[in-house]
Structure formats: C-alpha cells, structure tokens
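Worksheet: the structure to be examined is printed underneath.
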Amino acid sequence: MGISITGARILISIPALGGFILTETVVITWAVMIVLVLACRFMTKNLEVHPTKKRQIVAEWIVTAIKDMVGTNMGGPFSNTSYEPLICALFALSAGCSLSSTLGLYAPTSDLSTVLGWAMLVFVLITYNKIKFNGVGGYLKGFTEPVFVMTPMNLISEIATPISMAFRHFGNIASGSVITTLIYAGLSGLSSMILGLLPGAVGEFLSNIPILSFGVPAVLSIYFDWFSSILQAFIFCMLTMMYIGAALPSQD
C-alpha cells in the first residue's frame, strides 16, 4: 500500500498487469455511484400517477428542481430535455463523493484527477456544441473575435475553462479536509498539553484523551463537509450550464 501522486492511497498495485493501480478514489467513487443507482431505483419503484408515497414525492421534487434550474440557466425546452440528466448526475456524484468524508472516507473530489475528468467532459460538450451549431470554420473564427489580435488570449481562455473548473472544485474540497485535520490535530495537542499539567496519574491518563477535540471539529464539519460539499457541487453545475448554454443557439 502506498500513496499515489494525487494523494489517494493505493489499495492494489499489480505491475504484471501493465502497472495496474487501484486507489481509494476509484473504489469510493464506484461505491458512491452504486449507492446513487440504488437510491434512484428505490425512489422510482412502482410509481403512481397521483403520488402518495414520500419517496416518489421527493423524487418528483428533485426532478422539478433540476428542470427549473436548467431551464432558468440554459433556457428553452431543447436545453432542458438534453441536459437535465447530465446536470442531475454531476450534482449528485459531486455531492456524494465530497460527503463521503463525513463517514471518515477519502473524498474522491479531493483527488484532482476526478474533478479534472468531469471538467474535461464538460469541455468536450462545449466544443461539440460550438462546432455543431457554428461549423468548424465558425468555431475557429470565434477565436479571432472581436479582433484578430485577441486570438492568443481567446485560446488561453478556452484552454483555461476546464482547468479553472477542476482546480476550483478540487481546491475547496481538499483545503477543507486539510483545515479540518489540522484543527483536530491542534486541539488534540492542546488538550494533551493542558491536561498533562494535572498532577500524578490523573494528568497522565487525561493527557491521552483528546477532550478538546470533541465537538469543535464536528461543528466545523457542518461547513467544511456539508455546506461546502453541496455548494461546490452547485457551483460546478452552474458553471457547466453557463458554459454549455453559451455554446447553444439562442432559444428566443
């Protein structure tokens, strides 16, 4: 077992299979996807025309919320039917991967390769739509607008899109994990130092119990783990809708 260059622990490494490596990122991401699939299957089982079950009501609320969000930010029925599943999947997978840290697991979104893969998918969709609706010539011409001298800047801006999306998401989730760990370690050390001042066996015993670590990290977890995870998933989806929506033709 070791640590990969992305920070995730290597669970399995088989050089004989072409350097096959299985990391925490892969295992936990697949676990999150399986949970999401099972949740979807449970919530959509035996649907009713007039829902009376709470799970169907929740499922319909989620679908309506995603539909409204995509329609508001991308506009038009064309955009809704095409991109609702993508936005919903990105949001659920991002939030699920980030929230896995609340279970003491490694958050796959703390691995740059995870969010960079999502960002590259979005970049491919942006480029695809630009070429589809403007043609190859129109796509290339767009780099020379509004004036030809802006071509280098437009190229850099295009390449920077997936990079900025990936690093924004990765940075916020990874930094939250680091800060929480540092605070926990700091409070444990402070607790050991203060309680170690007590005389005799009592001080020696209590100095081994990180009393000050109870409560404070849990409160901070509400922000760094829960609020930040949902917020970053929302921001990533908003950027996805904005970039892809800008590449689509006007629905007016």
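A note on labels: chains of the structure tokens are A, B, ... as shown, every chain counts residues from 1, and ligands are counted from 1 in their shown order.
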
Segment 230-237 of chain A: which residues within 9 Å, counting only C-alpha atoms, same-chain residues fewer than 4 positions away excluded, as a VMD selection string? chain A and resid 87 to 88 90 to 96 98 to 99 119 165 to 166 168 to 169 172 to 173 225 to 226 241 to 242

With N, CA and C atoms retained, write the just-selected residues as a tab-separated table (two decimals), in the first residue's frame.
chain	number	residue	atom	x	y	z
A	87	ILE	N	-26.80	17.32	-15.66
A	87	ILE	CA	-26.65	18.22	-14.50
A	87	ILE	C	-27.01	17.50	-13.21
A	88	CYS	N	-28.08	16.72	-13.25
A	88	CYS	CA	-28.50	15.98	-12.05
A	88	CYS	C	-27.43	14.97	-11.65
A	90	LEU	N	-24.16	15.04	-12.39
A	90	LEU	CA	-22.96	15.74	-11.91
A	90	LEU	C	-23.15	16.23	-10.47
A	91	PHE	N	-24.32	16.80	-10.20
A	91	PHE	CA	-24.58	17.32	-8.85
A	91	PHE	C	-24.58	16.19	-7.82
A	92	ALA	N	-25.30	15.11	-8.12
A	92	ALA	CA	-25.40	14.00	-7.17
A	92	ALA	C	-24.05	13.34	-6.95
A	93	LEU	N	-23.29	13.12	-8.03
A	93	LEU	CA	-22.00	12.46	-7.90
A	93	LEU	C	-21.00	13.34	-7.17
A	94	SER	N	-20.99	14.63	-7.48
A	94	SER	CA	-20.07	15.55	-6.81
A	94	SER	C	-20.38	15.64	-5.32
A	95	ALA	N	-21.65	15.86	-4.99
A	95	ALA	CA	-22.04	15.96	-3.59
A	95	ALA	C	-21.78	14.66	-2.85
A	96	GLY	N	-22.11	13.53	-3.48
A	96	GLY	CA	-21.92	12.23	-2.84
A	96	GLY	C	-20.45	11.94	-2.58
A	98	SER	N	-18.00	14.14	-2.25
A	98	SER	CA	-17.48	15.06	-1.23
A	98	SER	C	-17.97	14.68	0.17
A	99	LEU	N	-19.24	14.28	0.27
A	99	LEU	CA	-19.82	13.96	1.57
A	99	LEU	C	-19.33	12.63	2.12
A	119	ALA	N	-14.45	17.98	-15.62
A	119	ALA	CA	-14.27	19.24	-16.34
A	119	ALA	C	-13.94	18.99	-17.81
A	165	MET	N	-12.28	25.15	-13.74
A	165	MET	CA	-13.38	24.41	-13.12
A	165	MET	C	-12.86	23.32	-12.20
A	166	ALA	N	-11.85	22.60	-12.67
A	166	ALA	CA	-11.31	21.48	-11.89
A	166	ALA	C	-10.61	21.97	-10.62
A	168	ARG	N	-10.89	24.81	-9.04
A	168	ARG	CA	-11.79	25.47	-8.10
A	168	ARG	C	-12.47	24.43	-7.21
A	169	HIS	N	-13.00	23.40	-7.83
A	169	HIS	CA	-13.70	22.35	-7.07
A	169	HIS	C	-12.72	21.58	-6.19
A	172	ASN	N	-11.22	23.70	-3.12
A	172	ASN	CA	-12.13	23.95	-1.99
A	172	ASN	C	-12.35	22.70	-1.16
A	173	ILE	N	-12.54	21.56	-1.80
A	173	ILE	CA	-12.78	20.33	-1.05
A	173	ILE	C	-11.51	19.86	-0.35
A	225	ASP	N	-17.60	20.09	5.49
A	225	ASP	CA	-18.03	18.83	4.88
A	225	ASP	C	-19.41	18.94	4.23
A	226	TRP	N	-20.37	19.49	4.93
A	226	TRP	CA	-21.74	19.52	4.42
A	226	TRP	C	-22.00	20.72	3.52
A	241	MET	N	-23.63	24.61	-16.80
A	241	MET	CA	-24.80	25.14	-17.53
A	241	MET	C	-24.46	26.44	-18.25
A	242	MET	N	-23.70	27.30	-17.61
A	242	MET	CA	-23.35	28.58	-18.21
A	242	MET	C	-22.48	28.39	-19.46

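Once segment 105-118 of chain A and its same-chain neighbours fewer than 5 positions away are set aside, Thr6, Gly7, Ala8, Glu24, Thr25, Ile28, Thr29, Cys97, Ser98, Ser100, Ala166, His169, Phe170, Ile173 and Ala174 of chain A remain within 7 Å of it when counting only C-alpha atoms.
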
Using the selection just defined, write its residues with N, CA and C atoms as a compact mmCIF listing (two decimals), in the first residue's frame.
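Result file out.txt:
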# COMPACT_ATOMS: atom_id res chain seq x y z
N THR A 6 -1.76 11.71 -6.67
CA THR A 6 -2.94 12.55 -6.44
C THR A 6 -3.31 12.62 -4.97
N GLY A 7 -2.61 11.88 -4.12
CA GLY A 7 -2.89 11.92 -2.69
C GLY A 7 -3.73 10.78 -2.18
N ALA A 8 -4.35 10.01 -3.07
CA ALA A 8 -5.17 8.88 -2.65
C ALA A 8 -4.29 7.67 -2.37
N GLU A 24 -7.99 4.52 -3.63
CA GLU A 24 -9.20 4.85 -2.87
C GLU A 24 -10.18 5.64 -3.73
N THR A 25 -9.66 6.51 -4.57
CA THR A 25 -10.52 7.34 -5.41
C THR A 25 -11.45 6.49 -6.25
N ILE A 28 -14.03 4.33 -3.90
CA ILE A 28 -15.07 5.13 -3.25
C ILE A 28 -16.00 5.77 -4.29
N THR A 29 -15.45 6.18 -5.44
CA THR A 29 -16.29 6.75 -6.49
C THR A 29 -17.29 5.71 -6.98
N CYS A 97 -19.59 12.23 -3.55
CA CYS A 97 -18.16 11.99 -3.38
C CYS A 97 -17.57 12.88 -2.29
N SER A 98 -18.00 14.14 -2.25
CA SER A 98 -17.48 15.06 -1.23
C SER A 98 -17.97 14.68 0.17
N SER A 100 -18.63 11.84 1.29
CA SER A 100 -18.09 10.58 1.79
C SER A 100 -17.08 10.83 2.91
N ALA A 166 -11.85 22.60 -12.67
CA ALA A 166 -11.31 21.48 -11.89
C ALA A 166 -10.61 21.97 -10.62
N HIS A 169 -13.00 23.40 -7.83
CA HIS A 169 -13.70 22.35 -7.07
C HIS A 169 -12.72 21.58 -6.19
N PHE A 170 -11.63 21.13 -6.79
CA PHE A 170 -10.62 20.36 -6.05
C PHE A 170 -10.05 21.15 -4.89
N ILE A 173 -12.54 21.56 -1.80
CA ILE A 173 -12.78 20.33 -1.05
C ILE A 173 -11.51 19.86 -0.35
N ALA A 174 -10.38 19.88 -1.05
CA ALA A 174 -9.11 19.43 -0.46
C ALA A 174 -8.69 20.33 0.69

Which residues are close to segment 144-158 of chain A, i.e. within 12 Å by only C-alpha atoms, leaving aside same-chain residues fewer than 4 positions away? Reply as a list in words.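 Close residues of segment 144-158 of chain A: Met120, Phe123, Val124, Ile126, Thr127, Lys130, Gly137, Gly138, Tyr139, Leu140, Pro162, Ile163, Ser164, Met165 and Tyr243 of chain A.
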
Could you save those same residues with C-alpha atoms as a short mmCIF file (atom, residue, chain, number, x, y, z; two decimals), in the first residue's frame?
data_model
loop_
_atom_site.label_atom_id
_atom_site.label_comp_id
_atom_site.auth_asym_id
_atom_site.auth_seq_id
_atom_site.Cartn_x
_atom_site.Cartn_y
_atom_site.Cartn_z
CA MET A 120 -12.85 17.63 -19.49
CA PHE A 123 -15.14 20.95 -22.17
CA VAL A 124 -15.84 18.29 -24.82
CA ILE A 126 -18.81 22.86 -25.03
CA THR A 127 -16.57 22.28 -28.05
CA LYS A 130 -19.82 25.15 -30.75
CA GLY A 137 -14.96 27.39 -39.64
CA GLY A 138 -17.25 29.33 -37.33
CA TYR A 139 -15.67 27.68 -34.29
CA LEU A 140 -12.16 28.64 -35.38
CA PRO A 162 -11.68 23.03 -17.73
CA ILE A 163 -8.55 23.80 -15.69
CA SER A 164 -10.26 26.55 -13.68
CA MET A 165 -13.38 24.41 -13.12
CA TYR A 243 -20.54 27.34 -20.48
#

So that I can see what lies close to Glu60 of chain A, please list as a ChimeraX atom specification the residues with an atom at most 12 Å from it, counting only C-alpha atoms and leaving out residues fewer than 6 positions away in the same chain. /A:40,43-44,47-54,66-67

Determine which residues of segment 19-241 of chain A DSSP labels as helix (DSSP H, G or I) from the backbone of this structure, then write them out as a ChimeraX atom specification. /A:24-43,54-74,76-103,108-110,112-144,148-195,200-206,211-213,216-241

From the set A:Ser191, A:Asn73, A:Ser228, A:Ser101, which residue has the shortest atom-to-atom contact distance to Thr240 of chain A, counting only C-alpha atoms?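 When distances to Thr240 of chain A are compared using only C-alpha atoms, the smallest one comes from A:Asn73.
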
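Shortest separation to Met74 of chain A among A:Val35, A:Arg55, A:Met238, A:Leu103 occurs at residue A:Met238, atoms counted being only C-alpha atoms.
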
For Ile194 of chain A, which residue among A:Gly142, A:Asn208, A:Phe167, A:Thr181 is the nearest when counting only C-alpha atoms?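 Closest candidate: A:Asn208.
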
Fewer than 2 positions away in the same chain doesn't count, so skip those; otherwise give me all residues within 8 Å of Asn129 of chain A, counting only C-alpha atoms, as a ChimeraX atom specification. /A:125-127,131-133,244,247-248

Separation of atom CA of Arg41 of chain A and atom CA of Ile57 of chain A, in Å? 14.2 Å
